[in-house]
Amino acid sequence: MQNKKLTLLKIINFSLAGLFAGFFALTFLIVARSEIDITNIKIEQEFAVSSSRVSKSIELPLKTNYVLQIKYDYRNTDSEKLLLNGKRLKLRVSNETKNIVSRYYYIDEQLVRIGENRLKLQFLPTNPPSVDIRIRNYIFSNDQGNIMLALKKIHLNEQRLASLIGEAIIFFVLLCCLWTGLAWLGKKGFNLNSRQCILNNVISFALCLSIFFFIAITSYFGPFVFIVKSSYYVFYGLVCVSILCVLLHLFSLLLIQFSAEDDLNSIKKSKCGKAVENRALPVWLVNCNDWFKMRTLSDKCFIYFVLSFLISSILLGLSNVNWADIIMNFAYIVLVMGMVIKFVEFSNSKKNN
C-alpha cells in the first residue's frame with residue numbers, strides 16, 4: 001500500500017513538472033526572441049512656433065508603425081490637429097502635468113513613406129511658444145535592447161521560428177530539471193516531506209507562471225508586444241522560480257519548527273508521555289547559524305559587503321546598472337563601518353594585552 005502511494009506521488013510530481021514546464025515553454029514562444037533585430041528609431045525635434053499652422057519635414061528610414069508624442073505649453077492652446085502626408089492622425093492618449101500637455105498619436109505604416117514625410121500641425125485657437133515632437137517605433141527599450149515593449153508589427157521568418165522552437169524545448173527540459181532539483185533540495189536540504197516539496201514547487205511555479213502568462217497573453221492579443229531576448233527570458237524564469245521556491249522551503253521549515261515547539265510545550269503542560277515527531281533543523285543550517293553567531297560585528301559587515309558585491313556583479317551582467325549602484329553604495333558604507341569597528345576592536349584588544 002505504501003509503495004502504491006509513493007508511485008502515485010511520483011506520477012503526480014512528474015506530471016505537474018511537465019505541465020508547468022509546458023506552459024512556460026508556450027509563453028517563451030510568444031514573448032522570447034533569439035535575436036532582437038529590430039532597429040530602434042527615435043526622432044526628437046524641438047522648435048519654436050510663430051504661427052498656428054506649422055509644416056515640418058520628418059525623415060523616417062523604415063515603413064512601419066510609429067508612435068508620435070507632442071509636448072507643449074497649453075495655457076493659450078486648447079487643441080491641435082496633426083496630418084502626416086495629408087492624412088489626419090488620431091489622438092490616442094493625452095496627459096496634462098502643470099502647464100505642459102503630452103499627447104500621443106498612432107501612425108499606421110500605410111501613412112509612412114521611406115525617407116521624407118511631411119508633418120503639418122494646426123493649433124487652436126493660438127499656437128504655443130514651442131513644440132517638442134518625438135517619434136518612436138517602440139514604447140520602451142533598455143539600453144542594450146534585450147527587453148522591449150514594441151508596437152505590434154513584428155514577424156519571424158521560418159528559420160528563426162524553428163530555432164525558437166528548439167530553444168523552447170531546451171527551456172522545457174531545464175524547467176523539468178529545476179523542478180526535480182528543487183524537490184530534492186527541499187527533501188534533503190530542508191528535511192521536508194515529499195508532499196510539502198511538491199506543494200512548494202507548485203506555488204512557486206504557479207506564481208511565476210501567472211506573471212509570464214499575463215505578459216504573453218497581453219502581447220498576443222493586445223495592441224503592443226513585449227519582447228525579451230531568449231537568454232534573458234530563460235535566466236529570469238529559472239532564477240525567479242528558484243528564489244521563490246527556496247524561500248518557501250525555508251518558510252515551511254520554520255513553520256514546522258514552530259509547530260513542533262508548540263506541540264512539545266503542550267505535551268509538557270499536559271504531562272503526557274506522547275512522543276513528538278523529530279523535526280530537527282538541517283545540519284548545514286544549524287552549522288551556518290552557529291558560525292554566523294560566532295562572528296563579530298565587523299566580520300558580519302565584511303560578509304555583507306562580499307554578498308553585495310556578488311549580487312551587484314550579477315546585476316551588472318544583466319545590465320541593471322542602477323540597482324547595482326544602489327546596492328554597492330550601501331555596501332561601501334557598511335564596509336567603512338566594518339573597518340572602523342575592526343580598528344576599535346583591535347585597539348581595545350591591544351590595550352587589554
# chains A, B, ... in the order shown; residues from 1 in each chain; ligands from 1
call {"tool": "select_by_dssp", "arguments": {"residues": "stretch 15-249 of chain A", "states": "strand (DSSP E or B)", "output": "PyMOL selection string"}}
result
chain A and resi 32-33+42-48+53-60+66-73+77-84+87-88+90-97+100-107+115-125+130-136+138-141+147-151+224-229
call {"tool": "closest_residue", "arguments": {"among": "A:Leu151, A:Ile135, A:Leu19, A:Leu209", "to": "A:Pro61", "atoms": "only C-alpha atoms"}}
result
A:Ile135
call {"tool": "closest_residue", "arguments": {"among": "A:Ser210, A:Ser50, A:Asn191, A:Ser230", "to": "A:His249", "atoms": "only C-alpha atoms"}}
result
A:Asn191
call {"tool": "atom_distance", "arguments": {"atom1": "atom CA of A:Lys120", "atom2": "atom CA of A:Arg75"}}
result
21.2 Å
call {"tool": "residues_around", "arguments": {"residues": "A:Arg92", "least_positions_apart": "6", "cutoff": "9 Å", "atoms": "only C-alpha atoms", "output": "mmCIF file with N, CA and C atoms, in the first residue's frame"}}
result
data_model
loop_
_atom_site.group_PDB
_atom_site.id
_atom_site.type_symbol
_atom_site.label_atom_id
_atom_site.label_comp_id
_atom_site.auth_asym_id
_atom_site.auth_seq_id
_atom_site.Cartn_x
_atom_site.Cartn_y
_atom_site.Cartn_z
ATOM 1 N N ARG A 103 0.638 64.609 -25.713
ATOM 2 C CA ARG A 103 -0.357 63.874 -26.487
ATOM 3 C C ARG A 103 0.349 62.841 -27.360
ATOM 4 N N TYR A 104 -0.281 61.657 -27.445
ATOM 5 C CA TYR A 104 0.307 60.551 -28.189
ATOM 6 C C TYR A 104 -0.597 60.182 -29.366
ATOM 7 N N TYR A 105 0.020 60.110 -30.542
ATOM 8 C CA TYR A 105 -0.686 59.750 -31.776
ATOM 9 C C TYR A 105 -0.078 58.474 -32.354
ATOM 10 N N TYR A 106 -0.950 57.645 -32.912
ATOM 11 C CA TYR A 106 -0.507 56.406 -33.553
ATOM 12 C C TYR A 106 -0.404 56.629 -35.057
#
call {"tool": "select_by_dssp", "arguments": {"residues": "stretch 108-275 of chain A", "states": "alpha helix (DSSP H)", "output": "ChimeraX atom specification"}}
result
/A:158-184,194-221,230-270
call {"tool": "residues_around", "arguments": {"residues": "A:Ser313", "least_positions_apart": "4", "cutoff": "8 Å", "atoms": "only C-alpha atoms", "output": "VMD selection string"}}
result
chain A and resid 309 317 324
call {"tool": "closest_residue", "arguments": {"among": "A:Asn320, A:Thr27, A:Asn127, A:Asn348", "to": "A:Val49", "atoms": "only C-alpha atoms"}}
result
A:Asn127
call {"tool": "atom_distance", "arguments": {"atom1": "atom CA of A:Asp132", "atom2": "atom CA of A:Tyr74"}}
result
12.4 Å
call {"tool": "residues_around", "arguments": {"residues": "stretch 8-18 of chain A", "least_positions_apart": "5", "cutoff": "10 Å", "atoms": "only C-alpha atoms", "output": "JSON, numbers by chain"}}
result
{"A": [2, 3, 23, 24, 172, 173, 175, 176, 177, 178, 179, 180, 183, 194, 195, 197, 198, 199, 201, 202, 205]}
call {"tool": "atom_distance", "arguments": {"atom1": "atom CA of A:Arg295", "atom2": "atom CA of A:Leu247"}}
result
24.2 Å
call {"tool": "residues_around", "arguments": {"residues": "A:Phe212", "least_positions_apart": "5", "cutoff": "10 Å", "atoms": "only C-alpha atoms", "output": "count of residues only"}}
result
12
call {"tool": "residues_around", "arguments": {"residues": "stretch 327-333 of chain A", "least_positions_apart": "6", "cutoff": "10 Å", "atoms": "only C-alpha atoms", "output": "list in words"}}
result
Cys301, Phe302, Ile303, Tyr304, Phe305, Val306, Leu307, Ser308, Phe309, Leu310, Ile311, Ser312, Ser313 and Leu315 of chain A
call {"tool": "write_last_selection", "arguments": {"atoms": "C-alpha atoms", "output": "PDB file, in the first residue's frame"}}
result
ATOM      1  CA  CYS A 301      29.877  43.830   7.845  1.00  0.00           C
ATOM      2  CA  PHE A 302      32.563  42.256   5.645  1.00  0.00           C
ATOM      3  CA  ILE A 303      30.262  39.298   4.864  1.00  0.00           C
ATOM      4  CA  TYR A 304      27.513  41.738   3.833  1.00  0.00           C
ATOM      5  CA  PHE A 305      29.962  43.557   1.563  1.00  0.00           C
ATOM      6  CA  VAL A 306      31.054  40.340  -0.175  1.00  0.00           C
ATOM      7  CA  LEU A 307      27.451  39.227  -0.738  1.00  0.00           C
ATOM      8  CA  SER A 308      26.507  42.670  -2.049  1.00  0.00           C
ATOM      9  CA  PHE A 309      29.498  42.601  -4.395  1.00  0.00           C
ATOM     10  CA  LEU A 310      28.390  39.244  -5.824  1.00  0.00           C
ATOM     11  CA  ILE A 311      24.800  40.437  -6.295  1.00  0.00           C
ATOM     12  CA  SER A 312      25.973  43.640  -7.964  1.00  0.00           C
ATOM     13  CA  SER A 313      28.183  41.651 -10.334  1.00  0.00           C
ATOM     14  CA  LEU A 315      23.088  42.745 -11.900  1.00  0.00           C
TER      15      LEU A 315
END
call {"tool": "closest_residue", "arguments": {"among": "A:Glu59, A:Asp290, A:Glu96, A:Asp325", "to": "A:Arg113", "atoms": "only C-alpha atoms"}}
result
A:Glu59
